[in-house]
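Below you'll find the structure, written out as structure tokens, and then a few comments.
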Amino acid sequence: MAIVTFSRPCVNNIRSKLILGVVHRFFSGEAKAVVFENYGRPLDVLRIQSFALPDLKDNSLLIKFLASPINPADVNQVEGVYPSKPIFRKDLGSDTPLAIGGNEGVVEILEVGKEVGDFKVGDRAIMRHTRFGTWRTHAVATQDDLTRIPYSASEITALQAATASVNPTTAYRMLREFTDLKPGDYFIQNGANSGVGRAAIQLGRLWGLKSINVVRNRDDIEALKNELLELGATHVVTEEEIADKGFRNTIKEWLAGSEIKLGLNCTGGDSTTNIARQLSPGGHLVTYGGMARKPITIPVSLFIFKDIHLHGYWLSRWSDSHPNEKEEVINEIFDLIKSRELKDVPVDTWSWNEAMSDADRLDIFKKGLTTYIEGSKGRKQVLVQQ
């Protein structure tokens, strides 16, 4: 991974003007991007590279990134273990191809070509597809790369918009796609304090669903339980509690005849086995992550006597093959965020500014990445451009 530097003509710092139908808002200084030349441990593959952005065409836009999260898939791409491979480009001013990291982010439109009809200067947008490379300050894009945010910055902040297209969308799709959940039905999930977990709790509450939410034990476990209950969780338990065979009687009392039709797994290992055991006959277990990096082990009896079904879910594949449907889901999520029915995921921000040296930018980004790698306890790490 490396930080790549862009340059572009500037006139008296930042100003806007109209030339031959193209709206220009020039920016001073150099633009930056986090890139990598080879797969490997993210903290070990960083360097700095400088080059100029391509000229703006009639059908393209100049965009400034406002906020770019660090997601598990992003890190896995740098490591070379993610199925969706990044794009290694030869136009970044290096003798060897480079890839820009990051898949999620929110941008502001700084310039538009004369053939651009869906965006204007000052609009904000999120990425329409994966693999664009969002750990950067500026880029030249096309309309097809972007989904416009239909609300102003006072209605939806950059941080809210930047974190809307992955975690809430994943939760939305999993709750809707695999089984027909009715109001009053239960689902169970591990990693309940993650971004996806928090979104699933809140969407479930809005849709009349009940939830059993499993989290790892910690010193402040009661505070975390109360936090998730306030979001709308029906019950919150620890991994140790859900593993206790005697605890099944407690769950049976909670259900009072209802069924657990769906399980959401982002962990693997014993945690997955334990939530699978709670599923009702015919229930569905959906795996969308493997943070424990351990295999899933399901007892044969659950297949024979309970007829449970196992599924995998990969948002990237669905997003790239269903961009219009994705936009509809995200717009619904934006509506919920604007109405304050969907609360923000906790975030830590790591800020860059124009006066910052490349060494300082690299140090800031590494700190955010290190916080993610070492475990951020459900807090999203986000690179922010000031």
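In the structure tokens, each chain is lettered A, B, ... as it comes, each chain's residues begin at 1, and ligands are numbered from 1 in order of appearance.
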
task: Quick one: everything within 12 Å of Gly289 of chain A, counting only C-alpha atoms, minus sequence neighbours fewer than 2 positions away in the same chain. Send it as a ChimeraX atom specification.
output: /A:71-73,76,82,167,170,189-191,194,196-197,264-269,272,286-287,291-296,311-315

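Residues lying within 8 Å of segment 225-228 of chain A, counting only C-alpha atoms and ignoring same-chain neighbours fewer than 5 positions away, are Asn193, Arg198, Ile201, Ala233, Val236 and Val237 of chain A.
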
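You will find atom CA of His138 of chain A at 28.3 Å from atom CA of Gly378 of chain A.
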
field: Contacts of Thr273 of chain A within 9 Å, only C-alpha atoms, excl. fewer than 2 positions in-chain, as a VMD selection string
entry: chain A and resid 243 268 to 271 275 to 277 296 to 299

message: Could you pull out the strand (DSSP E or B) residues of segment 124-341 of chain A, going by DSSP on the backbone, and write them as a ChimeraX atom specification?
response: /A:124-127,136,138-142,146-148,186-189,210-215,235-238,260-265,268,284-287,294,309-312

message: When you look at Ala171 of chain A with a cut-off of 7 Å (counting only C-alpha atoms), what residues show up, excluding the ones that are within fewer than 2 positions of it in the same chain? I need them as a PyMOL selection string.
response: chain A and resi 167-169+173-175+196+199-200

Can I get the residues of segment 232-294 of chain A within 6 Å of segment 306-309 of chain A, each with the closest pair of atoms and their distance in Å to one decimal, using only C-alpha atoms, sorted chain first then ascending number, as a Markdown table?
```
| residue | atom | partner | partner_atom | distance |
| --- | --- | --- | --- | --- |
| A:Pro281 | CA | A:Lys306 | CA | 4.3 |
| A:Gly282 | CA | A:Ile308 | CA | 4.8 |
| A:Gly283 | CA | A:Ile308 | CA | 4.9 |
| A:His284 | CA | A:His309 | CA | 4.7 |
```

Shell around Arg379 of chain A at 7 Å using only C-alpha atoms, local window under 4 positions removed, as an mmCIF file with all heavy atoms, in the first residue's frame:
```
data_model
loop_
_atom_site.group_PDB
_atom_site.id
_atom_site.type_symbol
_atom_site.label_atom_id
_atom_site.label_comp_id
_atom_site.auth_asym_id
_atom_site.auth_seq_id
_atom_site.Cartn_x
_atom_site.Cartn_y
_atom_site.Cartn_z
ATOM 1 N N PRO A 346 -20.826 4.009 15.410
ATOM 2 C CA PRO A 346 -19.720 4.734 16.052
ATOM 3 C C PRO A 346 -18.494 4.762 15.139
ATOM 4 O O PRO A 346 -18.157 3.755 14.508
ATOM 5 C CB PRO A 346 -19.448 3.908 17.317
ATOM 6 C CG PRO A 346 -20.697 3.139 17.568
ATOM 7 C CD PRO A 346 -21.271 2.859 16.216
ATOM 8 N N VAL A 347 -17.840 5.899 15.046
ATOM 9 C CA VAL A 347 -16.691 6.035 14.152
ATOM 10 C C VAL A 347 -15.518 6.696 14.871
ATOM 11 O O VAL A 347 -15.688 7.456 15.820
ATOM 12 C CB VAL A 347 -17.032 6.851 12.890
ATOM 13 C CG1 VAL A 347 -18.160 6.213 12.109
ATOM 14 C CG2 VAL A 347 -17.383 8.287 13.248
ATOM 15 N N ASP A 348 -14.319 6.371 14.404
ATOM 16 C CA ASP A 348 -13.107 7.115 14.710
ATOM 17 C C ASP A 348 -12.650 7.740 13.401
ATOM 18 O O ASP A 348 -12.573 7.054 12.375
ATOM 19 C CB ASP A 348 -12.004 6.202 15.246
ATOM 20 C CG ASP A 348 -12.352 5.584 16.595
ATOM 21 O OD1 ASP A 348 -12.955 6.292 17.417
ATOM 22 O OD2 ASP A 348 -12.028 4.400 16.812
#
```

task: Write out as number ranges by chain each polymer residue whose atoms come within 8 Å of Ile63 of chain A, counting only C-alpha atoms; drop sequence neighbours fewer than 4 positions from it.
output: A: 107-111, 138-141

Mind listing the alpha helix (DSSP H) residues of segment 30-211 of chain A, per DSSP on the backbone, as a short mmCIF file (atom, residue, chain, number, x, y, z; two decimals) with N, CA, C and O atoms, in the first residue's frame?
```cif
data_model
loop_
_atom_site.label_atom_id
_atom_site.label_comp_id
_atom_site.auth_asym_id
_atom_site.auth_seq_id
_atom_site.Cartn_x
_atom_site.Cartn_y
_atom_site.Cartn_z
N PRO A 72 -13.30 -4.38 6.26
CA PRO A 72 -12.56 -5.65 6.19
C PRO A 72 -12.19 -6.05 4.77
O PRO A 72 -11.07 -6.52 4.54
N ALA A 73 -13.11 -5.87 3.82
CA ALA A 73 -12.81 -6.25 2.43
C ALA A 73 -11.65 -5.45 1.88
O ALA A 73 -10.85 -5.97 1.09
N ASP A 74 -11.53 -4.17 2.28
CA ASP A 74 -10.43 -3.34 1.80
C ASP A 74 -9.09 -3.92 2.24
O ASP A 74 -8.14 -4.00 1.45
N VAL A 75 -9.02 -4.29 3.51
CA VAL A 75 -7.78 -4.85 4.05
C VAL A 75 -7.47 -6.19 3.38
O VAL A 75 -6.32 -6.48 3.03
N ASN A 76 -8.50 -7.02 3.21
CA ASN A 76 -8.30 -8.31 2.55
C ASN A 76 -7.82 -8.15 1.12
O ASN A 76 -7.04 -8.97 0.61
N GLN A 77 -8.28 -7.09 0.43
CA GLN A 77 -7.80 -6.85 -0.93
C GLN A 77 -6.31 -6.54 -0.94
O GLN A 77 -5.57 -7.03 -1.81
N VAL A 78 -5.86 -5.75 0.01
CA VAL A 78 -4.44 -5.43 0.09
C VAL A 78 -3.63 -6.69 0.39
O VAL A 78 -2.54 -6.88 -0.14
N GLU A 79 -4.17 -7.55 1.22
CA GLU A 79 -3.49 -8.80 1.57
C GLU A 79 -3.47 -9.79 0.42
O GLU A 79 -2.69 -10.75 0.44
N ALA A 158 -21.36 13.84 5.83
CA ALA A 158 -20.44 13.05 5.02
C ALA A 158 -20.14 11.71 5.67
O ALA A 158 -20.06 10.68 4.99
N LEU A 159 -19.99 11.68 6.98
CA LEU A 159 -19.71 10.42 7.68
C LEU A 159 -20.89 9.46 7.56
O LEU A 159 -20.71 8.26 7.36
N GLN A 160 -22.10 9.98 7.68
CA GLN A 160 -23.28 9.13 7.52
C GLN A 160 -23.36 8.57 6.11
O GLN A 160 -23.63 7.37 5.93
N ALA A 161 -23.14 9.41 5.13
CA ALA A 161 -23.21 8.95 3.74
C ALA A 161 -22.11 7.96 3.41
O ALA A 161 -22.32 6.98 2.68
N ALA A 162 -20.91 8.20 3.96
CA ALA A 162 -19.76 7.35 3.65
C ALA A 162 -19.94 5.94 4.17
O ALA A 162 -19.35 5.00 3.63
N ASN A 167 -22.45 -1.51 5.20
CA ASN A 167 -23.03 -2.19 6.36
C ASN A 167 -24.56 -2.18 6.38
O ASN A 167 -25.18 -3.25 6.49
N PRO A 168 -25.22 -1.02 6.30
CA PRO A 168 -26.69 -1.05 6.31
C PRO A 168 -27.27 -1.81 5.12
O PRO A 168 -28.29 -2.50 5.26
N THR A 169 -26.63 -1.69 3.96
CA THR A 169 -27.13 -2.39 2.77
C THR A 169 -27.00 -3.90 2.94
O THR A 169 -27.90 -4.66 2.55
N THR A 170 -25.89 -4.35 3.52
CA THR A 170 -25.72 -5.78 3.79
C THR A 170 -26.80 -6.29 4.72
O THR A 170 -27.43 -7.33 4.46
N ALA A 171 -27.05 -5.57 5.81
CA ALA A 171 -28.08 -5.98 6.76
C ALA A 171 -29.46 -6.01 6.09
O ALA A 171 -30.25 -6.95 6.28
N TYR A 172 -29.75 -4.99 5.32
CA TYR A 172 -31.04 -4.89 4.64
C TYR A 172 -31.26 -6.10 3.74
O TYR A 172 -32.32 -6.75 3.79
N ARG A 173 -30.28 -6.41 2.92
CA ARG A 173 -30.43 -7.51 1.96
C ARG A 173 -30.57 -8.86 2.66
O ARG A 173 -31.36 -9.70 2.25
N MET A 174 -29.79 -9.09 3.70
CA MET A 174 -29.84 -10.40 4.37
C MET A 174 -31.16 -10.60 5.09
O MET A 174 -31.71 -11.72 5.11
N LEU A 175 -31.71 -9.55 5.68
CA LEU A 175 -32.99 -9.68 6.38
C LEU A 175 -34.14 -9.90 5.40
O LEU A 175 -35.18 -10.46 5.77
N ARG A 176 -33.97 -9.48 4.16
CA ARG A 176 -35.05 -9.56 3.19
C ARG A 176 -34.93 -10.73 2.20
O ARG A 176 -35.93 -11.17 1.63
N GLU A 177 -33.72 -11.23 1.97
CA GLU A 177 -33.50 -12.11 0.83
C GLU A 177 -33.70 -13.59 1.11
O GLU A 177 -34.13 -14.33 0.22
N GLY A 195 -20.89 -2.89 12.49
CA GLY A 195 -21.72 -2.00 11.69
C GLY A 195 -22.92 -2.70 11.10
O GLY A 195 -24.04 -2.17 11.11
N VAL A 196 -22.72 -3.91 10.57
CA VAL A 196 -23.84 -4.68 10.03
C VAL A 196 -24.79 -5.07 11.14
O VAL A 196 -26.02 -4.97 11.00
N GLY A 197 -24.24 -5.51 12.28
CA GLY A 197 -25.07 -5.93 13.40
C GLY A 197 -25.96 -4.82 13.90
O GLY A 197 -27.17 -5.02 14.16
N ARG A 198 -25.40 -3.62 14.06
CA ARG A 198 -26.19 -2.48 14.54
C ARG A 198 -27.28 -2.12 13.53
O ARG A 198 -28.41 -1.77 13.92
N ALA A 199 -26.95 -2.18 12.25
CA ALA A 199 -27.95 -1.88 11.23
C ALA A 199 -29.07 -2.92 11.24
O ALA A 199 -30.25 -2.58 11.11
N ALA A 200 -28.71 -4.20 11.40
CA ALA A 200 -29.72 -5.27 11.43
C ALA A 200 -30.67 -5.08 12.62
O ALA A 200 -31.89 -5.28 12.50
N ILE A 201 -30.11 -4.72 13.76
CA ILE A 201 -30.95 -4.48 14.94
C ILE A 201 -31.98 -3.40 14.65
O ILE A 201 -33.18 -3.54 14.93
N GLN A 202 -31.53 -2.29 14.07
CA GLN A 202 -32.42 -1.15 13.86
C GLN A 202 -33.43 -1.41 12.75
O GLN A 202 -34.61 -1.05 12.88
N LEU A 203 -32.99 -2.03 11.66
CA LEU A 203 -33.94 -2.37 10.60
C LEU A 203 -34.96 -3.38 11.11
O LEU A 203 -36.16 -3.28 10.79
N GLY A 204 -34.48 -4.34 11.89
CA GLY A 204 -35.41 -5.31 12.48
C GLY A 204 -36.46 -4.63 13.34
O GLY A 204 -37.66 -4.97 13.27
N ARG A 205 -36.04 -3.68 14.14
CA ARG A 205 -36.99 -2.94 14.98
C ARG A 205 -38.02 -2.22 14.13
O ARG A 205 -39.22 -2.26 14.41
N LEU A 206 -37.56 -1.57 13.06
CA LEU A 206 -38.47 -0.82 12.18
C LEU A 206 -39.44 -1.73 11.47
O LEU A 206 -40.58 -1.34 11.16
#
```

task: Name the residues in contact with Leu43 of chain A at a cut-off of 9 Å, using only C-alpha atoms, excluding same-chain residues fewer than 3 positions from it; report them as JSON, numbers by chain.
output: {"A": [1, 40, 46, 366, 369, 370]}

statement: Nearest to Leu92 of chain A, restricted to only C-alpha atoms and choosing among A:Arg124, A:Lys32, A:His129, A:Lys114, comes out as A:Lys32

task: Find the residue from A:Ser152, A:Leu262, A:Ala164, A:Arg248 that sits nearest to Ser211 of chain A; use only C-alpha atoms when measuring.
output: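 Ranking A:Ser152, A:Leu262, A:Ala164, A:Arg248 by distance to Ser211 of chain A, first place goes to A:Leu262.
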
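Counting only C-alpha atoms, the residue from A:Ser258, A:Asn353, A:Thr179, A:Asn213 that sits nearest to Thr234 of chain A is A:Asn213.
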
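The smallest atom-to-atom distance between Arg41 of chain A and any of A:Val81, A:Val329, A:Leu61, A:Ala99, using only C-alpha atoms, is found for A:Val81.
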
task: Kindly give the distance, in Å, that separates atom CA of Asp219 of chain A and atom CA of Glu239 of chain A, rounded to a single decimal.
output: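 Calculated distance between atom CA of Asp219 of chain A and atom CA of Glu239 of chain A is 14.0 Å.
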
query: Smallest atom-to-atom distance to Val106 of chain A: which of A:Leu362, A:Ile156, A:Leu342, A:Ile251, using only C-alpha atoms?
result: A:Ile156
